[in-house]
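Engineer: I have a structure I would like to understand better, so I am pasting it below and will then ask my questions one at a time.
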Amino acid sequence: AACSSYRLRDALHPLWQSELSVSGGTRQSPINIQWRDSVYDPHLKPLKIHYDPTTCLYIWNNGYSFQVEFDDSADKSVIMGGPLENHYRLKQFHFHWGAINEWGSEHMVDSKVYPAELHLVHWNPVTSTSFEEAVMENNGLVVIGVFLKLGAHHAGLQKLVDALPAVRHKDAIVEFDVFDPSCLMPSCPDYWTYDGSLTTPPLTESVTWIIKKTPIEVDQNQLEEFRMLLFTSAGEEEKRMVDNFRPLQPLMNRTVRSSFR
Ligand SMILES: NS(=O)(=O)c1ccc(NC(=O)CN2C(=O)C=CC2=O)cc1
Ligand SMILES: [Zn+2]
């Protein structure tokens with residue numbers, strides 16, 4: 001009963017009214033990662049990341065978040081290793097954040113929530129011929145989640161932040177040339193991994209999640225720049241783009257594995 005009412009509240013959330021379209025989902029995201037329930041898997045390899053900064057195309061406001069798109073027509077920006085059986089191509093990355101620093105991330109660790117969360121979205125070019133096809137494939141996608149915490153200024157992020165005023169409104173787009181998203185990765189190799197879903201429509205259960213244990217630090221001004229973005233298009237009544245995270249989903253019959261003891 002609690003679960004269904006939970007789902008009903010979730011389903012009525014303005015951003016995900018189509019929640020019920022994935023009725024009976026058994027592997028939805030995001031989840032609360034309970035550190036003590038995660039299982040160390042010694043077979044998990046280190047994650048290998050090779051991003052080519054010249055594959056960066058543009059940054060745009062898609063009405064959910066701001067997103068940086070990459071040229072995924074070849075194996076130029078790829079990840080492999082970790083829990084993966086082959087390489088995956090980087091398609092885009094985006095963020096989720098709150099109106100204030102007390103919340104904003106989608107995943108939680110022992111119920112600890114972070115002010116923001118970065119998602120780097122990859123697809124499997126071995127089993128799919130396009131990203132759109134991979135979205136519908138079981139394990140067609142890999143999303144790396146990186147928590148953001150309030151702290152020191154992040155020089156690598158600032159290049160992104162400086163472009164945000166140009167994409168303030170929904171559907172705004174601006175060319176974004178050379179950018180290497182590896183600069184947004186924490187140096188600590190530790191991660192959790194579990195089978196989940198997209199956290200916005202189509203909410204498909206096609207994602208192998210890799211959640212980095214260690215957050216990156218960003219400063220207050222950088223978070224506030226995120227909060228200056230708008231959900232709304234130019235000319236519409238302005239609605240600030242904040243709280244663009246999905247509520248927690250039930251773990252159901254899943255185990256979270258860790259790459260570290
Ligand atoms: N938040 S998340 O789970 O990482 C998440 C990740 C991805 C998407 N959706 C898409 O990527 C949709 N999409 C396309 O099909 C082509 C470009 C594009 O943005 C939704 C959610
Ligand atoms: Zn996301």
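By order of appearance in the structure tokens: chains A, B, ..., then residues from 1 within every chain, and ligands from 1 in the order shown.
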I'd like the neighbourhood of stretch 177-192 of chain A as a list in words, where a residue qualifies if any of its atoms comes within 7 Å (using only C-alpha atoms), though same-chain residues fewer than 5 positions away should be ignored.
Structural biologist: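 Selected residues are Pro46, Tyr51, Asp52, Pro53, Thr54, Cys56, Leu57, Tyr58, Gly156, Leu157, Ile210, Ile211, Lys212, Lys213, Thr214, Pro215, Ile216, Val256, Arg257, Ser258, Ser259 and Phe260 of chain A.
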Engineer: List as a count of residues only the protein and nucleic acid residues lying within 7 Å of ligand 1, with only C-alpha atoms and all ligand atoms counted.
Structural biologist: 14
Engineer: Just checking: using only C-alpha atoms and all ligand atoms, which residue out of A:Gly63, A:Gly81, A:Gly145, A:Gly235 ends up closest to ligand 2?
Structural biologist: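 Using only C-alpha atoms and all ligand atoms, the shortest distance to ligand 2 belongs to A:Gly145.
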Engineer: For A:Gly140, please output as a ChimeraX atom specification all residues within 9 Å (counting only C-alpha atoms; exclusion window: fewer than 2 positions along the same chain).
Structural biologist: /A:88,122-125,127-128,131,133-138,142,206-208
Engineer: Check the smallest atom-to-atom distance from each of A:Val126, A:Ala234, A:Val161, A:Ile144 to A:Ile49 using only C-alpha atoms, then report the winner.
Structural biologist: A:Ile144
Engineer: Using only C-alpha atoms and all ligand atoms, pick whichever of A:Gly25, A:Pro115, A:Pro30, A:Pro83 has the shortest atom-to-atom distance to ligand 2.
Structural biologist: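 Once distances to ligand 2 are computed over only C-alpha atoms and all ligand atoms, the minimum belongs to A:Pro30.
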Engineer: Can you list, as a PDB file with N, CA, C and O atoms, in the first residue's frame, all residues belonging to stretch 38-218 of chain A that DSSP tags as alpha helix (DSSP H)?
Structural biologist:
```
ATOM      1  N   PHE A 131      21.641   5.791 -30.580  1.00  0.00           N
ATOM      2  CA  PHE A 131      21.280   6.061 -29.188  1.00  0.00           C
ATOM      3  C   PHE A 131      19.807   5.769 -28.962  1.00  0.00           C
ATOM      4  O   PHE A 131      19.429   5.100 -27.995  1.00  0.00           O
ATOM      5  N   GLU A 132      18.961   6.273 -29.898  1.00  0.00           N
ATOM      6  CA  GLU A 132      17.508   6.122 -29.747  1.00  0.00           C
ATOM      7  C   GLU A 132      17.117   4.645 -29.651  1.00  0.00           C
ATOM      8  O   GLU A 132      16.210   4.277 -28.913  1.00  0.00           O
ATOM      9  N   GLU A 133      17.836   3.810 -30.404  1.00  0.00           N
ATOM     10  CA  GLU A 133      17.553   2.362 -30.346  1.00  0.00           C
ATOM     11  C   GLU A 133      18.013   1.801 -29.008  1.00  0.00           C
ATOM     12  O   GLU A 133      17.319   1.022 -28.355  1.00  0.00           O
ATOM     13  N   ALA A 134      19.183   2.255 -28.551  1.00  0.00           N
ATOM     14  CA  ALA A 134      19.761   1.739 -27.293  1.00  0.00           C
ATOM     15  C   ALA A 134      18.885   2.087 -26.094  1.00  0.00           C
ATOM     16  O   ALA A 134      18.814   1.320 -25.124  1.00  0.00           O
ATOM     17  N   ALA A 155      37.185  24.803 -11.503  1.00  0.00           N
ATOM     18  CA  ALA A 155      37.650  25.529 -12.709  1.00  0.00           C
ATOM     19  C   ALA A 155      37.113  24.884 -13.988  1.00  0.00           C
ATOM     20  O   ALA A 155      36.658  25.583 -14.901  1.00  0.00           O
ATOM     21  N   GLY A 156      37.104  23.552 -14.040  1.00  0.00           N
ATOM     22  CA  GLY A 156      36.640  22.866 -15.263  1.00  0.00           C
ATOM     23  C   GLY A 156      35.163  23.130 -15.514  1.00  0.00           C
ATOM     24  O   GLY A 156      34.723  23.367 -16.638  1.00  0.00           O
ATOM     25  N   LEU A 157      34.354  23.146 -14.443  1.00  0.00           N
ATOM     26  CA  LEU A 157      32.911  23.387 -14.572  1.00  0.00           C
ATOM     27  C   LEU A 157      32.638  24.819 -15.030  1.00  0.00           C
ATOM     28  O   LEU A 157      31.627  25.078 -15.714  1.00  0.00           O
ATOM     29  N   GLN A 158      33.526  25.750 -14.674  1.00  0.00           N
ATOM     30  CA  GLN A 158      33.252  27.178 -14.932  1.00  0.00           C
ATOM     31  C   GLN A 158      33.044  27.459 -16.412  1.00  0.00           C
ATOM     32  O   GLN A 158      32.220  28.286 -16.783  1.00  0.00           O
ATOM     33  N   LYS A 159      33.727  26.695 -17.278  1.00  0.00           N
ATOM     34  CA  LYS A 159      33.572  26.917 -18.723  1.00  0.00           C
ATOM     35  C   LYS A 159      32.113  26.629 -19.122  1.00  0.00           C
ATOM     36  O   LYS A 159      31.516  27.338 -19.925  1.00  0.00           O
ATOM     37  N   LEU A 160      31.537  25.598 -18.482  1.00  0.00           N
ATOM     38  CA  LEU A 160      30.121  25.262 -18.711  1.00  0.00           C
ATOM     39  C   LEU A 160      29.227  26.360 -18.155  1.00  0.00           C
ATOM     40  O   LEU A 160      28.302  26.837 -18.819  1.00  0.00           O
ATOM     41  N   VAL A 161      29.529  26.773 -16.926  1.00  0.00           N
ATOM     42  CA  VAL A 161      28.692  27.768 -16.238  1.00  0.00           C
ATOM     43  C   VAL A 161      28.647  29.075 -17.034  1.00  0.00           C
ATOM     44  O   VAL A 161      27.596  29.700 -17.160  1.00  0.00           O
ATOM     45  N   ASP A 162      29.781  29.432 -17.634  1.00  0.00           N
ATOM     46  CA  ASP A 162      29.845  30.687 -18.400  1.00  0.00           C
ATOM     47  C   ASP A 162      28.940  30.664 -19.637  1.00  0.00           C
ATOM     48  O   ASP A 162      28.549  31.713 -20.146  1.00  0.00           O
ATOM     49  N   ALA A 163      28.595  29.439 -20.085  1.00  0.00           N
ATOM     50  CA  ALA A 163      27.745  29.330 -21.282  1.00  0.00           C
ATOM     51  C   ALA A 163      26.253  29.335 -20.923  1.00  0.00           C
ATOM     52  O   ALA A 163      25.391  29.460 -21.798  1.00  0.00           O
TER      53      ALA A 163
END
```
Engineer: Counting only C-alpha atoms and all ligand atoms, which of A:Val218, A:Asn253, A:Lys112, A:His94 gets nearest to ligand 2?
Structural biologist: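 Distance minimum relative to ligand 2 lands on A:His94.
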Engineer: Could you find all residues in stretch 47-173 of chain A that DSSP calls strand (DSSP E) from the backbone, and write them as a PyMOL selection string?
Structural biologist: chain A and resi 47-50+56-61+66-70+78-81+88-97+108-109+116-123+141-150+173
Engineer: What does the file look like for those residues with C-alpha atoms, as an mmCIF file, in the first residue's frame?
Structural biologist:
```cif
data_model
loop_
_atom_site.group_PDB
_atom_site.id
_atom_site.type_symbol
_atom_site.label_atom_id
_atom_site.label_comp_id
_atom_site.auth_asym_id
_atom_site.auth_seq_id
_atom_site.Cartn_x
_atom_site.Cartn_y
_atom_site.Cartn_z
ATOM 1 C CA LEU A 47 36.366 1.947 -15.139
ATOM 2 C CA LYS A 48 38.318 3.145 -18.206
ATOM 3 C CA ILE A 49 37.329 6.535 -19.637
ATOM 4 C CA HIS A 50 38.671 7.971 -22.902
ATOM 5 C CA CYS A 56 31.863 18.077 -27.977
ATOM 6 C CA LEU A 57 29.158 19.676 -30.170
ATOM 7 C CA TYR A 58 26.821 22.094 -28.370
ATOM 8 C CA ILE A 59 25.030 22.892 -25.115
ATOM 9 C CA TRP A 60 21.230 23.343 -24.966
ATOM 10 C CA ASN A 61 18.299 23.759 -22.588
ATOM 11 C CA PHE A 66 20.955 21.812 -19.603
ATOM 12 C CA GLN A 67 22.642 19.208 -21.722
ATOM 13 C CA VAL A 68 25.971 18.986 -23.606
ATOM 14 C CA GLU A 69 25.733 16.805 -26.732
ATOM 15 C CA PHE A 70 28.612 14.862 -28.311
ATOM 16 C CA VAL A 78 34.109 5.915 -24.923
ATOM 17 C CA ILE A 79 34.041 4.139 -21.570
ATOM 18 C CA MET A 80 34.845 0.471 -20.912
ATOM 19 C CA GLY A 81 35.833 -1.861 -18.082
ATOM 20 C CA TYR A 88 29.961 2.438 -24.725
ATOM 21 C CA ARG A 89 29.897 5.805 -26.572
ATOM 22 C CA LEU A 90 29.292 9.138 -24.831
ATOM 23 C CA LYS A 91 26.112 10.779 -26.166
ATOM 24 C CA GLN A 92 25.439 13.632 -23.721
ATOM 25 C CA PHE A 93 25.788 14.822 -20.172
ATOM 26 C CA HIS A 94 23.442 16.907 -18.002
ATOM 27 C CA PHE A 95 22.754 17.735 -14.368
ATOM 28 C CA HIS A 96 19.960 17.626 -11.738
ATOM 29 C CA TRP A 97 19.867 20.154 -8.891
ATOM 30 C CA MET A 108 21.253 9.299 -2.270
ATOM 31 C CA VAL A 109 23.869 7.501 -0.184
ATOM 32 C CA ALA A 116 23.399 18.356 -7.496
ATOM 33 C CA GLU A 117 24.226 15.291 -9.597
ATOM 34 C CA LEU A 118 25.967 14.979 -12.986
ATOM 35 C CA HIS A 119 24.849 12.263 -15.446
ATOM 36 C CA LEU A 120 27.106 11.180 -18.326
ATOM 37 C CA VAL A 121 24.942 9.190 -20.748
ATOM 38 C CA HIS A 122 26.501 6.471 -22.955
ATOM 39 C CA TRP A 123 25.069 3.874 -25.352
ATOM 40 C CA LEU A 141 22.723 2.510 -21.841
ATOM 41 C CA VAL A 142 25.298 3.291 -19.182
ATOM 42 C CA VAL A 143 24.938 6.433 -17.093
ATOM 43 C CA ILE A 144 27.794 7.554 -14.836
ATOM 44 C CA GLY A 145 26.494 9.569 -11.881
ATOM 45 C CA VAL A 146 28.774 12.029 -10.092
ATOM 46 C CA PHE A 147 27.618 13.879 -6.964
ATOM 47 C CA LEU A 148 28.330 17.609 -6.607
ATOM 48 C CA LYS A 149 28.942 19.030 -3.137
ATOM 49 C CA LEU A 150 29.356 22.623 -1.979
ATOM 50 C CA ILE A 173 21.181 26.161 -27.982
#
```
Engineer: May I ask which of the residues A:Thr232, A:Asn101, A:Ser77, A:Ser29 is the closest one to ligand 2, counting only C-alpha atoms and all ligand atoms?
Structural biologist: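 Closest residue, counting only C-alpha atoms and all ligand atoms: A:Ser29.
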Engineer: Atom CA of A:Ala166 and atom CA of A:Lys76, how far apart in Å?
Structural biologist: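 Taking atom CA of A:Lys76 and atom CA of A:Ala166, their separation equals 27.4 Å.
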